[in-house]
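*Asks:* You'll find final.txt just under this line, and it carries compact mmCIF, C-alpha atoms.
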# COMPACT_ATOMS: atom_id res chain seq x y z
CA MET A 1 0.00 0.00 0.00
CA GLU A 2 1.21 3.48 -0.89
CA SER A 3 1.61 6.02 1.91
CA THR A 4 1.25 9.78 2.02
CA ALA A 5 4.01 12.04 3.25
CA GLY A 6 1.81 13.38 6.04
CA GLY A 7 1.32 17.12 6.47
CA ALA A 8 -1.71 19.34 6.93
CA GLY A 9 -3.75 18.23 3.94
CA GLN A 10 -7.40 17.25 3.77
CA LEU A 11 -9.14 14.20 2.34
CA LEU A 12 -12.01 15.69 0.31
CA ALA A 13 -14.83 14.09 -1.68
CA ILE A 14 -17.40 14.80 -4.39
CA SER A 15 -19.55 12.74 -6.73
CA ASP A 16 -22.29 12.94 -9.36
CA LEU A 17 -20.74 15.86 -11.20
CA HIS A 18 -22.86 15.28 -14.32
CA ILE A 19 -20.92 17.76 -16.42
CA GLY A 20 -23.21 17.32 -19.40
CA TYR A 21 -24.97 20.26 -17.73
CA ALA A 22 -23.15 23.56 -18.35
CA GLU A 23 -23.87 24.69 -14.79
CA ASN A 24 -22.17 21.60 -13.39
CA ARG A 25 -19.20 21.95 -15.73
CA ALA A 26 -18.72 25.46 -14.35
CA LEU A 27 -18.75 24.09 -10.79
CA VAL A 28 -15.96 21.65 -11.68
CA GLN A 29 -13.88 24.42 -13.24
CA ASN A 30 -13.94 26.18 -9.87
CA MET A 31 -12.98 23.15 -7.73
CA ARG A 32 -9.58 23.69 -6.14
CA PRO A 33 -7.67 22.30 -3.16
CA VAL A 34 -7.18 24.24 0.05
CA THR A 35 -3.57 23.05 0.46
CA ASP A 36 -0.98 21.41 -1.77
CA GLU A 37 -1.44 18.18 0.23
CA ASP A 38 -5.18 17.73 -0.40
CA TRP A 39 -6.53 14.49 -1.86
CA LEU A 40 -9.81 14.33 -3.74
CA ILE A 41 -12.23 11.39 -3.94
CA VAL A 42 -14.49 11.36 -7.02
CA ALA A 43 -17.20 8.79 -6.30
CA GLY A 44 -18.66 8.31 -9.76
CA ASP A 45 -21.10 9.78 -12.28
CA ILE A 46 -18.75 12.32 -13.81
CA ALA A 47 -20.35 12.09 -17.25
CA GLU A 48 -21.52 9.70 -19.96
CA THR A 49 -18.73 10.14 -22.53
CA VAL A 50 -15.09 9.19 -22.26
CA ALA A 51 -14.06 12.63 -23.51
CA ASP A 52 -15.94 14.37 -20.69
CA ILE A 53 -14.61 11.93 -18.10
CA ARG A 54 -11.07 12.60 -19.31
CA TRP A 55 -11.58 16.38 -19.16
CA VAL A 56 -12.71 16.28 -15.53
CA LEU A 57 -10.10 13.83 -14.24
CA GLU A 58 -7.26 15.54 -16.08
CA LEU A 59 -8.30 18.92 -14.68
CA LEU A 60 -8.62 17.67 -11.10
CA ALA A 61 -5.48 15.52 -11.22
CA GLY A 62 -3.55 18.65 -12.17
CA ARG A 63 -4.80 20.47 -9.06
CA PHE A 64 -4.91 17.91 -6.24
CA ARG A 65 -2.06 15.93 -4.71
CA LYS A 66 -3.94 12.71 -5.42
CA VAL A 67 -7.29 11.89 -7.06
CA LEU A 68 -9.15 8.63 -6.42
CA TRP A 69 -12.00 7.53 -8.68
CA ALA A 70 -14.75 4.96 -8.20
CA PRO A 71 -17.03 4.45 -11.22
CA GLY A 72 -20.70 5.32 -11.24
CA ASN A 73 -23.35 3.88 -13.50
CA HIS A 74 -23.17 6.84 -15.91
CA GLU A 75 -19.50 6.21 -16.72
CA LEU A 76 -20.40 2.60 -17.52
CA TRP A 77 -23.22 3.47 -19.90
CA THR A 78 -22.66 2.77 -23.58
CA HIS A 79 -24.37 5.99 -24.57
CA PRO A 80 -25.39 6.76 -28.17
CA LYS A 81 -23.69 10.17 -27.97
CA ASP A 82 -20.32 8.63 -27.03
CA PRO A 83 -18.10 7.57 -29.97
CA VAL A 84 -16.46 5.04 -27.62
CA THR A 85 -18.81 2.09 -28.03
CA LEU A 86 -17.18 -0.35 -25.61
CA ARG A 87 -19.54 -2.29 -23.35
CA GLY A 88 -19.37 -3.73 -19.86
CA VAL A 89 -16.00 -4.89 -18.56
CA ALA A 90 -14.22 -3.61 -21.68
CA ARG A 91 -15.55 -0.11 -21.06
CA TYR A 92 -14.56 -0.24 -17.39
CA ASP A 93 -11.05 -1.46 -18.29
CA HIS A 94 -10.77 1.38 -20.82
CA LEU A 95 -11.60 3.91 -18.09
CA VAL A 96 -9.10 2.32 -15.70
CA ALA A 97 -6.40 2.67 -18.37
CA LEU A 98 -7.40 6.31 -18.87
CA CYS A 99 -7.10 6.95 -15.13
CA ARG A 100 -3.67 5.37 -14.97
CA GLU A 101 -2.54 7.55 -17.86
CA LEU A 102 -3.62 10.58 -15.80
CA GLY A 103 -2.22 9.34 -12.48
CA VAL A 104 -5.69 8.83 -10.97
CA LEU A 105 -6.14 5.88 -8.59
CA THR A 106 -8.90 3.36 -9.35
CA PRO A 107 -10.41 0.27 -7.68
CA GLU A 108 -7.80 -1.79 -9.55
CA ASP A 109 -4.80 -0.10 -7.92
CA PRO A 110 -3.12 -0.68 -4.54
CA TYR A 111 -5.09 1.08 -1.82
CA PRO A 112 -3.21 4.15 -0.57
CA VAL A 113 -2.78 5.05 3.11
CA TRP A 114 -3.75 8.55 4.20
CA GLU A 115 -1.29 9.72 6.86
CA GLY A 116 -2.46 13.30 7.07
CA PRO A 117 -4.69 14.57 9.89
CA GLY A 118 -6.95 11.76 11.07
CA GLY A 119 -4.68 9.06 9.68
CA PRO A 120 -3.29 6.56 9.14
CA VAL A 121 -6.31 5.27 7.23
CA VAL A 122 -6.51 3.02 4.17
CA VAL A 123 -8.51 4.83 1.45
CA ALA A 124 -10.10 2.25 -0.83
CA PRO A 125 -12.07 3.09 -4.00
CA LEU A 126 -14.42 0.22 -4.84
CA PHE A 127 -16.47 -0.92 -7.81
CA LEU A 128 -19.31 -3.20 -6.69
CA LEU A 129 -22.44 -2.48 -8.77
CA TYR A 130 -25.84 -3.76 -7.55
CA ASP A 131 -27.79 -7.00 -7.72
CA TYR A 132 -31.48 -6.00 -7.32
CA SER A 133 -31.50 -7.23 -3.70
CA PHE A 134 -32.86 -3.88 -2.42
CA LEU A 135 -36.35 -4.97 -3.46
CA PRO A 136 -39.56 -2.95 -3.07
CA ALA A 137 -41.84 -3.93 -0.20
CA GLY A 138 -43.90 -6.97 -1.07
CA CYS A 139 -41.55 -8.15 -3.84
CA ALA A 140 -39.56 -11.36 -3.40
CA THR A 141 -37.62 -11.55 -6.69
CA LYS A 142 -35.92 -9.32 -9.23
CA ASP A 143 -38.67 -10.00 -11.77
CA GLU A 144 -41.36 -8.97 -9.28
CA GLY A 145 -39.40 -5.84 -8.43
CA LEU A 146 -38.91 -4.85 -12.06
CA THR A 147 -42.58 -5.46 -12.82
CA TYR A 148 -43.52 -3.21 -9.93
CA ALA A 149 -41.05 -0.53 -11.03
CA HIS A 150 -42.31 -0.55 -14.61
CA GLY A 151 -45.81 -0.16 -13.25
CA THR A 152 -44.80 3.02 -11.39
CA GLY A 153 -42.74 4.39 -14.29
CA ILE A 154 -39.56 4.52 -12.18
CA VAL A 155 -37.01 2.47 -14.12
CA CYS A 156 -33.30 3.25 -14.15
CA ASN A 157 -31.78 3.90 -17.58
CA ASP A 158 -29.16 1.29 -16.69
CA GLU A 159 -31.68 -1.22 -17.98
CA PHE A 160 -31.05 0.13 -21.48
CA LEU A 161 -27.50 1.55 -21.37
CA LEU A 162 -25.39 -0.34 -18.79
CA HIS A 163 -24.34 -3.63 -20.37
CA PRO A 164 -22.66 -6.36 -18.28
CA ASP A 165 -20.67 -8.05 -21.10
CA PRO A 166 -19.19 -10.63 -20.87
CA TYR A 167 -21.25 -11.43 -17.75
CA PRO A 168 -24.78 -12.70 -18.37
CA SER A 169 -26.33 -10.03 -16.12
CA ARG A 170 -25.54 -6.98 -14.04
CA GLU A 171 -26.14 -8.98 -10.87
CA ALA A 172 -23.61 -11.62 -11.98
CA TRP A 173 -21.06 -8.86 -12.58
CA CYS A 174 -21.91 -7.45 -9.16
CA ARG A 175 -21.35 -10.79 -7.42
CA ALA A 176 -17.96 -11.18 -9.12
CA ARG A 177 -16.92 -7.65 -8.11
CA VAL A 178 -18.06 -8.18 -4.52
CA ALA A 179 -16.13 -11.45 -4.18
CA ALA A 180 -12.91 -10.02 -5.61
CA THR A 181 -13.14 -6.84 -3.54
CA GLU A 182 -13.91 -8.74 -0.35
CA ARG A 183 -10.69 -10.72 -0.77
CA ARG A 184 -8.64 -7.55 -1.20
CA LEU A 185 -10.19 -5.78 1.78
CA ALA A 186 -9.52 -8.82 3.97
CA GLU A 187 -5.79 -8.38 3.24
CA ILE A 188 -5.67 -4.91 4.86
CA PRO A 189 -3.86 -5.11 8.22
CA ASP A 190 -6.22 -5.31 11.18
CA THR A 191 -4.48 -2.33 12.75
CA LEU A 192 -5.66 0.09 10.05
CA PRO A 193 -9.11 1.66 9.78
CA THR A 194 -10.54 2.35 6.33
CA VAL A 195 -12.39 4.88 4.26
CA LEU A 196 -14.42 2.87 1.74
CA ILE A 197 -15.57 4.64 -1.44
CA ASN A 198 -18.27 3.25 -3.68
CA HIS A 199 -20.78 4.93 -5.96
CA TYR A 200 -23.55 3.07 -4.13
CA PRO A 201 -23.95 2.88 -0.33
CA LEU A 202 -22.74 -0.34 1.29
CA ASP A 203 -25.92 -0.54 3.37
CA ARG A 204 -29.54 0.02 2.37
CA HIS A 205 -30.40 2.57 5.07
CA PRO A 206 -29.55 5.68 2.98
CA THR A 207 -32.22 4.70 0.44
CA GLU A 208 -35.01 4.86 3.02
CA VAL A 209 -35.62 8.56 2.24
CA LEU A 210 -36.10 8.11 -1.51
CA TRP A 211 -39.25 9.65 -2.95
CA TYR A 212 -39.57 6.56 -5.13
CA PRO A 213 -38.39 3.63 -2.99
CA GLU A 214 -38.47 1.23 -5.95
CA PHE A 215 -35.34 2.99 -7.27
CA ALA A 216 -33.39 1.34 -4.44
CA MET A 217 -33.08 -1.78 -6.64
CA TRP A 218 -30.37 0.08 -8.60
CA CYS A 219 -28.60 1.36 -5.47
CA GLY A 220 -26.50 -1.45 -4.00
CA THR A 221 -26.44 -5.00 -2.67
CA THR A 222 -27.21 -6.73 0.62
CA LEU A 223 -23.93 -8.63 0.19
CA THR A 224 -22.04 -5.64 1.65
CA ALA A 225 -24.42 -4.91 4.55
CA ASP A 226 -21.83 -5.78 7.21
CA TRP A 227 -18.71 -4.40 5.53
CA HIS A 228 -18.71 -1.20 7.57
CA ARG A 229 -18.18 -3.39 10.65
CA ARG A 230 -15.98 -6.11 9.16
CA PHE A 231 -13.48 -3.76 7.58
CA ARG A 232 -13.12 -1.18 10.38
CA VAL A 233 -14.72 1.62 8.40
CA ASP A 234 -14.15 5.15 9.63
CA THR A 235 -16.28 6.66 6.86
CA MET A 236 -18.24 5.17 3.97
CA VAL A 237 -18.26 7.65 1.04
CA TYR A 238 -20.90 7.26 -1.67
CA GLY A 239 -23.09 9.19 -4.12
CA HIS A 240 -25.77 8.16 -6.64
CA LEU A 241 -28.81 9.16 -4.56
CA HIS A 242 -28.45 12.91 -5.15
CA ILE A 243 -29.29 13.43 -1.48
CA PRO A 244 -26.10 14.92 0.02
CA ARG A 245 -26.07 14.33 3.77
CA THR A 246 -24.33 12.60 6.66
CA THR A 247 -25.85 9.64 8.47
CA HIS A 248 -24.54 7.25 11.10
CA HIS A 249 -25.28 3.54 11.05
CA GLU A 250 -24.10 1.24 13.83
CA GLY A 251 -21.59 3.90 14.84
CA VAL A 252 -20.14 4.36 11.32
CA ARG A 253 -20.35 7.60 9.37
CA PHE A 254 -21.89 7.42 5.89
CA GLU A 255 -21.27 10.47 3.68
CA GLU A 256 -23.33 11.07 0.52
CA VAL A 257 -21.25 13.60 -1.44
CA SER A 258 -23.15 14.14 -4.71
CA VAL A 259 -23.67 17.38 -6.61
CA GLY A 260 -26.65 16.18 -8.64
CA TYR A 261 -28.55 17.96 -11.38
CA PRO A 262 -28.90 21.77 -11.48
CA ARG A 263 -32.64 21.66 -10.82
CA GLU A 264 -31.83 19.75 -7.62
CA TRP A 265 -28.93 21.75 -6.21
CA GLN A 266 -30.43 25.10 -7.17
CA LYS A 267 -33.18 24.48 -4.59
CA ARG A 268 -30.74 23.90 -1.73
CA PRO A 269 -29.54 26.60 0.68
CA ASP A 270 -25.91 25.44 0.64
CA PRO A 271 -23.53 26.59 -2.12
CA PRO A 272 -23.34 23.93 -4.88
CA GLY A 273 -20.23 21.91 -5.60
CA ARG A 274 -18.69 22.19 -2.14
CA LEU A 275 -16.04 19.54 -1.62
CA ARG A 276 -16.94 17.48 1.45
CA ARG A 277 -14.18 16.98 3.99
CA ILE A 278 -13.81 13.36 5.04
CA LEU A 279 -10.58 13.72 7.07
CA PRO A 280 -9.93 15.36 9.38
CA MET A 281 -13.56 15.03 10.42
CA GLU A 282 -15.51 18.27 10.39
CA VAL A 283 -16.50 19.50 13.85
CA GLY A 284 -20.15 18.81 14.56
CA THR A 285 -20.59 16.36 11.70
CA GLY A 286 -24.00 14.78 12.01
CA ASP A 287 -27.03 13.99 9.93
CA ARG A 288 -27.39 16.98 7.62
CA GLY A 289 -31.02 16.16 7.01
CA THR A 290 -32.67 14.94 3.85
CA ALA A 291 -33.14 16.50 0.48
CA PRO A 292 -36.60 16.29 -1.11
CA GLY A 293 -35.79 13.10 -3.00
CA LEU A 294 -33.59 11.31 -5.47
CA ARG A 295 -35.05 12.74 -8.64
CA GLY A 296 -36.76 16.08 -9.06
CA GLU A 297 -39.35 14.92 -11.55
CA ARG A 298 -41.34 11.72 -11.71
CA GLY A 299 -39.99 9.38 -14.33
CA ASP A 300 -36.54 11.02 -14.56
CA THR A 301 -34.30 8.05 -13.81
CA ARG A 302 -31.07 8.99 -15.50
Please lay out the structure from this file as structure tokens.
*Replies:*
Amino acid sequence: MESTAGGAGQLLAISDLHIGYAENRALVQNMRPVTDEDWLIVAGDIAETVADIRWVLELLAGRFRKVLWAPGNHELWTHPKDPVTLRGVARYDHLVALCRELGVLTPEDPYPVWEGPGGPVVVAPLFLLYDYSFLPAGCATKDEGLTYAHGTGIVCNDEFLLHPDPYPSREAWCRARVAATERRLAEIPDTLPTVLINHYPLDRHPTEVLWYPEFAMWCGTTLTADWHRRFRVDTMVYGHLHIPRTTHHEGVRFEEVSVGYPREWQKRPDPPGRLRRILPMEVGTGDRGTAPGLRGERGDTR
């Protein structure tokens, strides 16, 4: 594992930049570190095209001491507006190669150790996907859950754009990612706490405030429900829900760090695009409350 040189830096985080919106692109242009030692976590959903993903990561890697990226579902989409037509694992591998070219750490790289204030802590970007195990109430299977979701009109665009090739399904890809990641996390020395980064929360509790609870099917897996305890998690960093807030679950801090869409963040009192400090912990960190919901308009399930 790679170590930092220490110092007075901060471990910062952001996700769901969605720079296809001009307002969000402008927010990214203004993101800068506080000190030369600051690290930045980018927890997925930068954009849908490889060119936009490159632009963001290259910009941020040039400003921060270290950038760590965990993929969101939007990066994994094979979108008709992207000339890069790779699907599934091949697309993910292409993005990992891009990150390595830029010096950005990915879930495929050795986990670094943060030794700045609040350290030492292993900072681990993960790629786990979801397996439809966060089912709607009254549903016992994926098919029942999807039928219910189609009936409400709340269906994630992953169903049309996120391909699992060469796996037979997204849930099969998820299970493979969970098994491989679990083995790696088990190798971390027991003496070190962790900051785990994944686009989706490791536990279902953050999805309980969704306006449309059926969307939880595309938000994680029950296979990781005990990881915050098993792997000595100091903070679990995630995005995807577009409900930026802090919660605590079984004594562990969960930080949702998304920007979201302009129509969402324009309604909030806090300035948009603020980088969330993970370490050292902000004084008075607690549940920041809930935003109105995951998506501002019924049926918008980007």
*Asks:* Given all atoms listed in the file as the basis, pick out the residue of A:Val195, A:Ile19, A:Leu27, A:Ala61 nearest to A:Pro280.
*Replies:* A:Val195
*Asks:* Find the spatial neighbours of stretch 36-50 of chain A, counting all atoms listed in the file, within a cut-off of 7 Å - ignore same-chain residues fewer than 2 positions away - and output them as an MDAnalysis selection string.
*Replies:* chainID A and resid 7:20 33:34 52:54 64:75 77 79 82 84 197:199 238:239
*Asks:* Could you check how far atom CA of A:Thr78 sits from atom CA of A:Pro136, in Å to one decimal?
*Replies:*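 Interatomic distance, atom CA of A:Thr78 to atom CA of A:Pro136: 27.2 Å.
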*Asks:* Please measure the separation of atom CA of A:Phe254 and atom CA of A:Pro206, giving the value in Å to one decimal.
*Replies:*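 Calculated distance between atom CA of A:Phe254 and atom CA of A:Pro206 is 8.4 Å.
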*Asks:* Just checking: using only C-alpha atoms, which residue out of A:Pro271, A:Pro80, A:Gly62, A:Pro120 ends up closest to A:Val104?
*Replies:* A:Gly62
*Asks:* Please report the interatomic distance between atom CA of A:Ala26 and atom CA of A:Gly273 in Å with one decimal.
*Replies:* 9.6 Å
*Asks:* Take stretch 232-256 of chain A, model N, CA, C and O atoms, and hand the result over as a PDB file, keeping the file's coordinate frame.
*Replies:*
ATOM      1  N   ARG A 232     -13.563  -2.285   9.512  1.00  0.00           N
ATOM      2  CA  ARG A 232     -13.120  -1.180  10.380  1.00  0.00           C
ATOM      3  C   ARG A 232     -13.294   0.183   9.705  1.00  0.00           C
ATOM      4  O   ARG A 232     -12.373   0.992   9.650  1.00  0.00           O
ATOM      5  N   VAL A 233     -14.477   0.419   9.195  1.00  0.00           N
ATOM      6  CA  VAL A 233     -14.720   1.620   8.400  1.00  0.00           C
ATOM      7  C   VAL A 233     -14.848   2.843   9.292  1.00  0.00           C
ATOM      8  O   VAL A 233     -15.665   2.876  10.218  1.00  0.00           O
ATOM      9  N   ASP A 234     -14.034   3.835   9.006  1.00  0.00           N
ATOM     10  CA  ASP A 234     -14.150   5.150   9.630  1.00  0.00           C
ATOM     11  C   ASP A 234     -15.272   5.932   8.969  1.00  0.00           C
ATOM     12  O   ASP A 234     -16.149   6.482   9.630  1.00  0.00           O
ATOM     13  N   THR A 235     -15.249   5.961   7.632  1.00  0.00           N
ATOM     14  CA  THR A 235     -16.280   6.660   6.860  1.00  0.00           C
ATOM     15  C   THR A 235     -16.551   5.902   5.582  1.00  0.00           C
ATOM     16  O   THR A 235     -15.624   5.440   4.916  1.00  0.00           O
ATOM     17  N   MET A 236     -17.827   5.750   5.237  1.00  0.00           N
ATOM     18  CA  MET A 236     -18.240   5.170   3.970  1.00  0.00           C
ATOM     19  C   MET A 236     -18.699   6.329   3.085  1.00  0.00           C
ATOM     20  O   MET A 236     -19.647   7.035   3.412  1.00  0.00           O
ATOM     21  N   VAL A 237     -17.987   6.541   1.963  1.00  0.00           N
ATOM     22  CA  VAL A 237     -18.260   7.650   1.040  1.00  0.00           C
ATOM     23  C   VAL A 237     -18.993   7.102  -0.181  1.00  0.00           C
ATOM     24  O   VAL A 237     -18.530   6.148  -0.809  1.00  0.00           O
ATOM     25  N   TYR A 238     -20.120   7.725  -0.527  1.00  0.00           N
ATOM     26  CA  TYR A 238     -20.900   7.260  -1.670  1.00  0.00           C
ATOM     27  C   TYR A 238     -21.614   8.443  -2.316  1.00  0.00           C
ATOM     28  O   TYR A 238     -21.539   9.584  -1.844  1.00  0.00           O
ATOM     29  N   GLY A 239     -22.303   8.174  -3.430  1.00  0.00           N
ATOM     30  CA  GLY A 239     -23.090   9.190  -4.120  1.00  0.00           C
ATOM     31  C   GLY A 239     -24.376   8.565  -4.628  1.00  0.00           C
ATOM     32  O   GLY A 239     -25.085   7.898  -3.891  1.00  0.00           O
ATOM     33  N   HIS A 240     -24.688   8.819  -5.905  1.00  0.00           N
ATOM     34  CA  HIS A 240     -25.770   8.160  -6.640  1.00  0.00           C
ATOM     35  C   HIS A 240     -27.177   8.623  -6.269  1.00  0.00           C
ATOM     36  O   HIS A 240     -28.032   8.769  -7.133  1.00  0.00           O
ATOM     37  N   LEU A 241     -27.453   8.849  -4.988  1.00  0.00           N
ATOM     38  CA  LEU A 241     -28.810   9.160  -4.560  1.00  0.00           C
ATOM     39  C   LEU A 241     -29.191  10.617  -4.808  1.00  0.00           C
ATOM     40  O   LEU A 241     -30.376  10.957  -4.780  1.00  0.00           O
ATOM     41  N   HIS A 242     -28.212  11.476  -4.998  1.00  0.00           N
ATOM     42  CA  HIS A 242     -28.450  12.910  -5.150  1.00  0.00           C
ATOM     43  C   HIS A 242     -29.140  13.485  -3.914  1.00  0.00           C
ATOM     44  O   HIS A 242     -29.956  14.398  -3.996  1.00  0.00           O
ATOM     45  N   ILE A 243     -28.786  12.937  -2.759  1.00  0.00           N
ATOM     46  CA  ILE A 243     -29.290  13.430  -1.480  1.00  0.00           C
ATOM     47  C   ILE A 243     -28.084  13.641  -0.564  1.00  0.00           C
ATOM     48  O   ILE A 243     -27.778  12.805   0.295  1.00  0.00           O
ATOM     49  N   PRO A 244     -27.331  14.724  -0.764  1.00  0.00           N
ATOM     50  CA  PRO A 244     -26.100  14.920   0.020  1.00  0.00           C
ATOM     51  C   PRO A 244     -26.419  15.108   1.505  1.00  0.00           C
ATOM     52  O   PRO A 244     -27.182  15.993   1.883  1.00  0.00           O
ATOM     53  N   ARG A 245     -25.832  14.257   2.332  1.00  0.00           N
ATOM     54  CA  ARG A 245     -26.070  14.330   3.770  1.00  0.00           C
ATOM     55  C   ARG A 245     -25.116  13.393   4.487  1.00  0.00           C
ATOM     56  O   ARG A 245     -24.427  12.574   3.871  1.00  0.00           O
ATOM     57  N   THR A 246     -25.096  13.503   5.803  1.00  0.00           N
ATOM     58  CA  THR A 246     -24.330  12.600   6.660  1.00  0.00           C
ATOM     59  C   THR A 246     -25.300  11.803   7.513  1.00  0.00           C
ATOM     60  O   THR A 246     -26.230  12.361   8.094  1.00  0.00           O
ATOM     61  N   THR A 247     -25.104  10.485   7.547  1.00  0.00           N
ATOM     62  CA  THR A 247     -25.850   9.640   8.470  1.00  0.00           C
ATOM     63  C   THR A 247     -24.862   8.786   9.253  1.00  0.00           C
ATOM     64  O   THR A 247     -23.686   8.676   8.889  1.00  0.00           O
ATOM     65  N   HIS A 248     -25.346   8.202  10.322  1.00  0.00           N
ATOM     66  CA  HIS A 248     -24.540   7.250  11.100  1.00  0.00           C
ATOM     67  C   HIS A 248     -25.324   5.960  11.228  1.00  0.00           C
ATOM     68  O   HIS A 248     -26.526   5.976  11.535  1.00  0.00           O
ATOM     69  N   HIS A 249     -24.641   4.861  10.980  1.00  0.00           N
ATOM     70  CA  HIS A 249     -25.280   3.540  11.050  1.00  0.00           C
ATOM     71  C   HIS A 249     -24.375   2.617  11.830  1.00  0.00           C
ATOM     72  O   HIS A 249     -23.218   2.395  11.449  1.00  0.00           O
ATOM     73  N   GLU A 250     -24.873   2.121  12.957  1.00  0.00           N
ATOM     74  CA  GLU A 250     -24.100   1.240  13.830  1.00  0.00           C
ATOM     75  C   GLU A 250     -22.751   1.864  14.174  1.00  0.00           C
ATOM     76  O   GLU A 250     -21.715   1.201  14.205  1.00  0.00           O
ATOM     77  N   GLY A 251     -22.780   3.179  14.416  1.00  0.00           N
ATOM     78  CA  GLY A 251     -21.590   3.900  14.840  1.00  0.00           C
ATOM     79  C   GLY A 251     -20.652   4.311  13.724  1.00  0.00           C
ATOM     80  O   GLY A 251     -19.591   4.892  13.989  1.00  0.00           O
ATOM     81  N   VAL A 252     -21.014   4.040  12.455  1.00  0.00           N
ATOM     82  CA  VAL A 252     -20.140   4.360  11.320  1.00  0.00           C
ATOM     83  C   VAL A 252     -20.751   5.517  10.531  1.00  0.00           C
ATOM     84  O   VAL A 252     -21.961   5.552  10.275  1.00  0.00           O
ATOM     85  N   ARG A 253     -19.899   6.440  10.132  1.00  0.00           N
ATOM     86  CA  ARG A 253     -20.350   7.600   9.370  1.00  0.00           C
ATOM     87  C   ARG A 253     -20.486   7.243   7.891  1.00  0.00           C
ATOM     88  O   ARG A 253     -19.565   6.692   7.282  1.00  0.00           O
ATOM     89  N   PHE A 254     -21.626   7.563   7.318  1.00  0.00           N
ATOM     90  CA  PHE A 254     -21.890   7.420   5.890  1.00  0.00           C
ATOM     91  C   PHE A 254     -22.054   8.819   5.304  1.00  0.00           C
ATOM     92  O   PHE A 254     -22.897   9.597   5.758  1.00  0.00           O
ATOM     93  N   GLU A 255     -21.238   9.149   4.292  1.00  0.00           N
ATOM     94  CA  GLU A 255     -21.270  10.470   3.680  1.00  0.00           C
ATOM     95  C   GLU A 255     -21.718  10.370   2.224  1.00  0.00           C
ATOM     96  O   GLU A 255     -21.038   9.741   1.407  1.00  0.00           O
ATOM     97  N   GLU A 256     -22.868  10.968   1.903  1.00  0.00           N
ATOM     98  CA  GLU A 256     -23.330  11.070   0.520  1.00  0.00           C
ATOM     99  C   GLU A 256     -22.842  12.416  -0.006  1.00  0.00           C
ATOM    100  O   GLU A 256     -23.166  13.472   0.543  1.00  0.00           O
TER     101      GLU A 256
END
